Every structure is written in C-alpha cells, then in structure tokens.
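Enquirer: Below is one structure. I have some questions about it.
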Amino acid sequence: MVTWQDKLRQLRMPTGLAGGVLWLSLWSALLWGLKRVPGPLGGFSSVLLVFAVVALAGMLCGLAIQLVRRHMLWSLRNKLVVTYLLIGAAPVVLVVTLVLISAYIAAGQFAIHLVDSRLHAELAQMDAENLHRTGLGIALIENRLPPRIVDSRDNAANTAGADEQRLKLPHRMQAFVNGVPADMRDFNPPGGKTPFGLPPWAMRLPQGDFDGLVFDHGDLFLVTIQQRRLNDGRTFTLMTSLQVDTQLMNLVADGLGSAGVLPVTASTASGKQQSQLQSGSVAEKPKPMTAAEARRSFVRGGVEPRAVNLADLRVSFVSTTTITNWDTGQPDNVLIEVNSRPSLLYRQLFGASLGGVITDTIRTGLVVLCIVFALIEAVALWMAIRVSRSITASVADLYAATQQIDHGDFTYRIGVTRNDQLAELSRSFNRMTGSLQRLMLEQKEKERLQSELAIAQEVQANLFPRLAHNLPRLDLHGVCRPARTVSGDYYDFLVFHEEAHDGRPSRSETGVGIALGDISGKGISAALLMATLHSAVRAYRFASEELVYSESMLAGLGNGRTTYGPECDTLFESPGRILALLNRHLYRSTQPEKYATLFLGHYDAASAVLTYSNAGQLPPLLLSLDGTVRRLECGGTVVGLMDGMMYDEGHVELRPGDILIAYSDGVTEPENDFGEFGEERLLEVVRRFQDQPLEVISAQVMLALDHWIGAAEQPDDITLVLARQL
C-alpha cells in the first residue's frame, strides 16, 4: 500500500539551499496571509514574516553564489573572464566613476560660481553708480540744489551703454542723514521694493561703504551703501538696493540654464521657531520645512536648456552663498540651485576661444586621439581574446585527453601546433601518456612473468621433500625460505629400501641419503641450476636402485649374471663418487662461472653410521647431548668449477640424541648493527630447544633470524636441515 509519505518522496523535492528557499517561500506566503488577521495572531505573523524574509534573502544570496560557482565559474574560460573583469574592468569602472563624479561636481561648482559671479558683477555695477550719485546727493544737501538735478533720467544717462535688460531692473535708492531718511523723491523711481530702513550697524560703516547680498524679512536684496561726512559733521548715506526676484535671476541665468536662490536661512528659521515657542503661539515644536516646500520657495530665473546630444546630461547642483542679515549685520548662508548642461558650461568657460584654426586643430586632434585609443583598446581586446582562447583550448585539450586516458585509451595524443608553455605542457602530457602506455605493457609483461614465477615457485616447491621419511631410529626435517620468488638452495632426502632375495621388491628402509646445496647467484638462473642439480642427484640415485633391482631380477631367473651388481649397489652409498660425477656433469653442461656447493651424506640405518662428503658447503654441525660439536668438513672443492676433481669421504657414528645441523650461508651470514648472526647463535638456539621436536627447533631458528634481520630485506636464501638419532 502506497502511503502519502511515499508519494511525497516520489515528488523528489529539492534539498539543500534550494529546498530551504522553497520551504521559506511557502512559509512567507503563509505568514503574508496570516498577518492580515486582526489581533495578536496578525502582529505575531508580521514579526515572523520579517525574520522569514531576511532568512529567505540570505538563502537566495547563498543559492545564487552556489549556482554561479557550479555553472558559471566551473569553466576556465568563465573564470578568466571574471578575472579580467575584476583586474581590468573594475579599476576602469572605479576610475571612470570617480572622474564622472568629479566632473559633475566641478561642473556644478562652476555653474554656482557663474551665478555668484554675476550677482557680484551686478553689485559692482551698482556700487559704481551709487558712488557717482553720492557726490550729487551731497551737493544737493549742502547747496540746496533743485531736486530735478537728479532724477530717473539721470540714472539712464549715467548707465548709457548698459544692457537693455539690466536697465529694466527696479534699482531703488534711498538717502539718509544721520540715519534719518532724506526727502529726495527723485532718487526713488516708482516700483520695486527696498529693505526696511537703515539698521543700526549700517549707520556708521568702518570703511564708509558696503555691498553685498542681504536678507530682510524673507526677501533677498543686492545692497550697496556709500557714506560721506558733510561739512556740518552730519553723515550722509546713499543706499542702492535691488530685490532678488525672477527678473534679476533671469538676467543671472542667461546662457546658463535655470538658477534659483532660497530666501530662507537656518538662523532665521530657528529664530522664528524660538519666538513662537516663547510667545506660546504654538502648542508644539514647529515642523521643519520639507523638501517640496523648499523647492516651491526658490526664487528662480531662466529656462532649463535641452540636451544637445546623449552625452549632454543635466547638471543639477546646490550650494550655498554668503549673505548678511539686515537686522543684525551678522553673516549667514542661503541655498543656490543651478540646472545647466555641459555644453552651456563649456561655452561659458571658453567663450570666443571656441572658434579659430587652433581650436579646430585641437578638436580634430582630440577626435583622432580618441579613435587611436579606441583602436588600441580593440587590439588589446582581440589579443586578450586570443590569449584566453589559447589557454582555454589547451586546458580543454588536456581535459579531453584525461577523459580518454580514464577510459583506457592510452594511444590518445593531443595535437600541438603552438610553441609556448601550455604547448610544452601538452607535449609533456603526450610523453607521460606514452610512458604510461609503456608502463602498462611492462606491467602486463611483469604480471606474466610473475605468473610464470609463481608456477616456477610451485614447481620448485614440489622438488623439495613433502614429507620427512623418518626412519625408525632417525628423525628428519628440512625447510627452505627463498629470498626471492624462487630459491637457489637445494635440499633433499633420498630413502633406500632393502630388496628381497626372491626378486620381489621389499619396502623396508635401510638408509637415507641427505643432500644440501647452494647454487652460486640468486633468482631464476640459480633456481634452474638447482633444478639441474636436483635432477642429477635423483637420477644417480634412481639409476643405482634400478640397476640393483635389475640384477636381483636376473638372479631370480637363474642366469647367474651379475654384471652391474657390485658397482651399482654401492654407487650412491659413496657420496664422494656421486660428487665426482656431478662435478663432471655440471662442468660440461653449464657456463664456467656457474658452480654449486653441495653436501651429500648416506645414513645406514643398521649401523647408525653417516658417510658423507662435503663439496665446499658450510660444514654441517653434529651436536651431541653432552654439548660437544663436531664439524663434517671432509670432502673437496665446489662442483662444476673444475673438471676431474675427486672428493674424500668421512664417516661418523650417530649416538642417541645427536642432532645433525646442515645449513646454507643464508642462516649464519645475515647482518645488522651487531654483526653476523653466526654459527654460535645458531648453536645457542638449537641447544635451548634441543629436547623439542625438530619442527619446533627449526621454527625457533627462523624466528631468531627474523628478529636479527629486522625490517631489512632477507639477504639470501635460508635452508636448514635437521636430523636426530633416536
């Protein structure tokens, strides 16, 4: 039965960040609906919605970063593009942004400077006119000249040549004697607005004159004052004022765009609010002027120009200019706003210098320089694309090659046409692939050889005696541990049987032959020579037994012939003769540098006598119960090195408890920091476990050797043969 949980699992809902974004989106939608519920549930849902939206935004950022890293930045080409953008484009964007911001600020400040300069130019013109009229006013006061001497027509005459628009401005003049207004009506043409009287700070000016922008009861004026002392000691003051209104701002903004001033100062606003609070006319703190109210309060003039082209952006800038408070004489600031265009500001900056051959040459040179820079940028971009493609193409080739190698195609090679470091890397990869291909072939060949060596090891293991044929009065044990896969050491046990007089074979054991040898060298060649030696020894053994058996059969038939009997019956019982035959055989069938050391012994079960001959082998040791040691050294030189060698034989009778220890040089010659293992340590181990079975003694000797060798590699084949008389 399929449950709803199984159906939900079958939907394969996204996990990780994607799953978190999905679940948070569902919870946000649920909270969005719950927040409209009136009461505490709606308020609590609103709070939870805020936290959910913040968590959702964070998880979306993490998901975006994860997607970018997995899909966009996985490719090397995309990584290079991002690197180029971060290294090259980001500084350019920052510099261009800084230049544009600086240019915008400079353009705005230049526009503000032009407005302020034009206002001060108007003040300078008013000051010059006011200075001329001051002398006439003094003459009128002192000499009682007719008032008609200075009228509005005189104003026009004195400003002959001025701009026609400026002549239309309502300049207002006022005369004061000791701060009291003088009756000079013709100084004040009809129309216009003036400041309220002469404030105390302006009755006696330190320098005798004043010009500037003043603020009086919500209005701005351009005011210039000239003061002179009359002959009777009184002070004559002539003040010319011009209200800052739309007409004046039109003149100021001519050729610039639109300009405006805000006839409100911070000190005035705070003063009004403080007076209202002190008088109690308001119940609460007045609200500050909003941006919309301030924009509507600007006294503006001029018309905002249209853009000449797309680059002719609007320059809108606000700054402050210094004014004087008419009531207190203290300095203050008002806002000035200008809306212009770079084309107008450029024309105002250079003026008449925009024309001419030199200007055209400079303009043409700038255009050519821009074209050259554009071409350089295009060439740089083209070269960057080429370099990027070469890098990404090399990486793509290497990636494709690794995929081919991963699928086992070691014949794949990267096509290289360039000559740079990446191309050399591709060539190195091709060489590496070739080396891998050769190594794979060598590995296969090595595996084949290892398989053959394993077979050879198995075959060689079958050459050693599988079972120790213990005689009733003699225990036998042998072990061989190769240093490599196969061994060059050799040991064997050859059992002799008694033949019945009636010709039928009897399997009663009469003795045993003991053989132990060491082939010169290691590895395969030594193992092959060991097999040859093993075969030859066995061949002589079985040949003698076969001849004796044949003689017995012929004797049973009554023919009385004993052609081979006496010689063959004692062939293997004479180790010296066997060694002589083996020496001749190996000398004639092997290379001159190949030889072997060999110990052969024949143990007679009836007499407990061991007949032996030693051909260069380390002399076996005969350890008695009383601790005495005898060395079996009788024999001759190694076999296979020189032809025609003869070998002596020795005889030793084994007493009960005697242990024969035959070994190769791999037992006594291993070294460590304390020297060789040596014969004495071998005898010490055997003495310690002398009463134990031969298998235990052999295992303890091997364990002692392992401790002596340690972690080092086994230097030589280790062969040990033990025999104990019962």
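A note on labels: chains of the structure tokens are A, B, ... as shown, every chain counts residues from 1, and ligands are counted from 1 in their shown order.
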Apply DSSP to the structure's backbone, then extract all residues of range 255-495 of chain A labelled alpha helix (DSSP H) and return them as a ChimeraX atom specification.
Expert: /A:266-279,291-297,342-350,357-406,421-463
Enquirer: Those residues you just picked out, can you put them in a file as a compact mmCIF listing (two decimals), in the first residue's frame with C-alpha atoms?
Expert:
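Done, and the output landed in out_29.txt:
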# COMPACT_ATOMS: atom_id res chain seq x y z
CA ALA A 266 18.82 78.44 9.12
CA SER A 267 19.20 81.20 11.70
CA THR A 268 16.02 82.89 10.53
CA ALA A 269 14.01 79.69 10.71
CA SER A 270 15.31 78.80 14.17
CA GLY A 271 14.69 82.36 15.33
CA LYS A 272 11.09 82.23 14.20
CA GLN A 273 10.55 78.91 15.86
CA GLN A 274 12.13 80.14 19.10
CA SER A 275 9.98 83.29 19.13
CA GLN A 276 6.87 81.23 18.51
CA LEU A 277 7.73 78.91 21.38
CA GLN A 278 8.43 81.83 23.74
CA SER A 279 5.20 83.64 22.85
CA ALA A 291 11.96 69.36 0.51
CA ALA A 292 8.84 70.06 -1.60
CA GLU A 293 8.12 73.27 0.32
CA ALA A 294 11.72 74.39 -0.03
CA ARG A 295 11.66 73.72 -3.77
CA ARG A 296 8.50 75.79 -4.19
CA SER A 297 10.06 78.65 -2.17
CA PRO A 342 27.81 70.60 -20.01
CA SER A 343 27.51 72.20 -23.45
CA LEU A 344 26.44 75.54 -21.92
CA LEU A 345 29.12 75.39 -19.26
CA TYR A 346 31.73 74.59 -21.92
CA ARG A 347 30.59 77.61 -23.92
CA GLN A 348 30.71 79.81 -20.84
CA LEU A 349 34.18 78.53 -19.97
CA PHE A 350 35.84 79.07 -23.31
CA VAL A 357 42.16 77.32 -36.66
CA ILE A 358 43.98 76.35 -33.47
CA THR A 359 40.75 75.34 -31.74
CA ASP A 360 39.67 73.28 -34.77
CA THR A 361 43.09 71.64 -34.84
CA ILE A 362 42.86 70.79 -31.16
CA ARG A 363 39.34 69.43 -31.60
CA THR A 364 40.42 67.33 -34.58
CA GLY A 365 43.44 66.10 -32.64
CA LEU A 366 41.24 65.05 -29.74
CA VAL A 367 38.94 63.14 -32.08
CA VAL A 368 41.90 61.40 -33.73
CA LEU A 369 43.34 60.59 -30.30
CA CYS A 370 40.03 59.06 -29.24
CA ILE A 371 39.97 56.96 -32.41
CA VAL A 372 43.56 55.81 -31.79
CA PHE A 373 42.72 54.90 -28.20
CA ALA A 374 39.66 53.01 -29.42
CA LEU A 375 41.80 51.08 -31.92
CA ILE A 376 44.37 50.29 -29.21
CA GLU A 377 41.60 49.07 -26.93
CA ALA A 378 40.15 46.94 -29.76
CA VAL A 379 43.58 45.42 -30.48
CA ALA A 380 44.12 44.77 -26.76
CA LEU A 381 40.70 43.14 -26.54
CA TRP A 382 41.43 41.00 -29.62
CA MET A 383 44.79 39.91 -28.18
CA ALA A 384 43.20 39.16 -24.81
CA ILE A 385 40.56 37.02 -26.53
CA ARG A 386 43.25 35.17 -28.50
CA VAL A 387 45.34 34.54 -25.38
CA SER A 388 42.26 33.46 -23.44
CA ARG A 389 41.24 31.07 -26.20
CA SER A 390 44.73 29.57 -26.35
CA ILE A 391 44.68 28.99 -22.60
CA THR A 392 41.18 27.56 -22.52
CA ALA A 393 41.79 25.46 -25.64
CA SER A 394 44.88 23.91 -24.05
CA VAL A 395 43.00 23.18 -20.85
CA ALA A 396 40.09 21.73 -22.82
CA ASP A 397 42.50 19.50 -24.77
CA LEU A 398 44.10 18.32 -21.54
CA TYR A 399 40.68 17.64 -20.02
CA ALA A 400 39.58 15.66 -23.09
CA ALA A 401 42.86 13.74 -23.00
CA THR A 402 42.40 12.84 -19.34
CA GLN A 403 38.92 11.58 -20.14
CA GLN A 404 40.33 9.37 -22.88
CA ILE A 405 43.04 8.07 -20.57
CA ASP A 406 40.42 7.42 -17.90
CA GLN A 421 54.43 26.80 -22.01
CA LEU A 422 50.93 25.38 -22.42
CA ALA A 423 52.02 23.68 -25.62
CA GLU A 424 55.01 22.24 -23.77
CA LEU A 425 52.60 21.06 -21.08
CA SER A 426 50.57 19.27 -23.77
CA ARG A 427 53.76 17.69 -25.13
CA SER A 428 54.68 16.60 -21.61
CA PHE A 429 51.23 15.07 -21.27
CA ASN A 430 51.76 13.18 -24.54
CA ARG A 431 55.12 11.93 -23.27
CA MET A 432 53.52 10.95 -19.99
CA THR A 433 50.78 9.09 -21.88
CA GLY A 434 53.41 7.26 -23.89
CA SER A 435 55.26 6.39 -20.70
CA LEU A 436 52.03 5.16 -19.16
CA GLN A 437 51.38 3.04 -22.23
CA ARG A 438 54.86 1.53 -21.98
CA LEU A 439 54.41 1.01 -18.25
CA MET A 440 51.11 -0.73 -18.86
CA LEU A 441 52.79 -3.05 -21.35
CA GLU A 442 55.64 -3.60 -18.92
CA GLN A 443 53.13 -4.20 -16.15
CA LYS A 444 51.38 -6.81 -18.25
CA GLU A 445 54.72 -8.39 -19.04
CA LYS A 446 55.65 -8.25 -15.38
CA GLU A 447 52.35 -9.85 -14.43
CA ARG A 448 53.03 -12.56 -16.98
CA LEU A 449 56.49 -13.11 -15.54
CA GLN A 450 55.07 -13.08 -12.01
CA SER A 451 52.57 -15.69 -13.08
CA GLU A 452 55.35 -17.77 -14.60
CA LEU A 453 57.45 -17.26 -11.46
CA ALA A 454 54.53 -18.38 -9.36
CA ILE A 455 54.32 -21.52 -11.46
CA ALA A 456 58.10 -21.95 -11.15
CA GLN A 457 57.81 -21.49 -7.39
CA GLU A 458 55.11 -24.12 -7.28
CA VAL A 459 57.21 -26.48 -9.39
CA GLN A 460 60.26 -25.85 -7.22
CA ALA A 461 58.24 -26.45 -4.07
CA ASN A 462 57.39 -29.87 -5.45
CA LEU A 463 61.11 -30.62 -5.78
Enquirer: Between CA of Gly58 in chain A and CA of Arg77 in chain A, what distance in Å does the model show, to one decimal?
Expert: 28.5 Å
Enquirer: Report as a list of chain:residue names all protein, DNA and RNA residues lying within 10 Å of Phe464 in chain A, evaluated on only C-alpha atoms, omitting residues in the same chain fewer than 5 positions from it.
Expert: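 That gives A:Val459, A:Gly478, A:Val479, A:Cys480, A:Tyr490, A:Tyr491, A:Asp492, A:Phe493, A:His534.
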Enquirer: Produce a file of the selected residues containing C-alpha atoms, as a short mmCIF file (atom, residue, chain, number, x, y, z; two decimals), in the first residue's frame.
Expert:
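Output below, filename again14.cif:
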data_model
loop_
_atom_site.label_atom_id
_atom_site.label_comp_id
_atom_site.auth_asym_id
_atom_site.auth_seq_id
_atom_site.Cartn_x
_atom_site.Cartn_y
_atom_site.Cartn_z
CA VAL A 459 57.21 -26.48 -9.39
CA GLY A 478 64.09 -29.63 6.35
CA VAL A 479 62.95 -26.11 5.43
CA CYS A 480 63.89 -23.67 2.67
CA TYR A 490 68.66 -27.22 -2.50
CA TYR A 491 67.97 -29.95 -0.03
CA ASP A 492 66.60 -33.50 -0.44
CA PHE A 493 66.02 -36.76 1.40
CA HIS A 534 68.30 -31.92 -8.06
#
Enquirer: Of the residues A:Ile112, A:Leu579, A:Val512, A:Leu49, which is the one nearest to Val338 in chain A, using only C-alpha atoms?
Expert: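 Using only C-alpha atoms, Val338 in chain A sits closest to A:Ile112.
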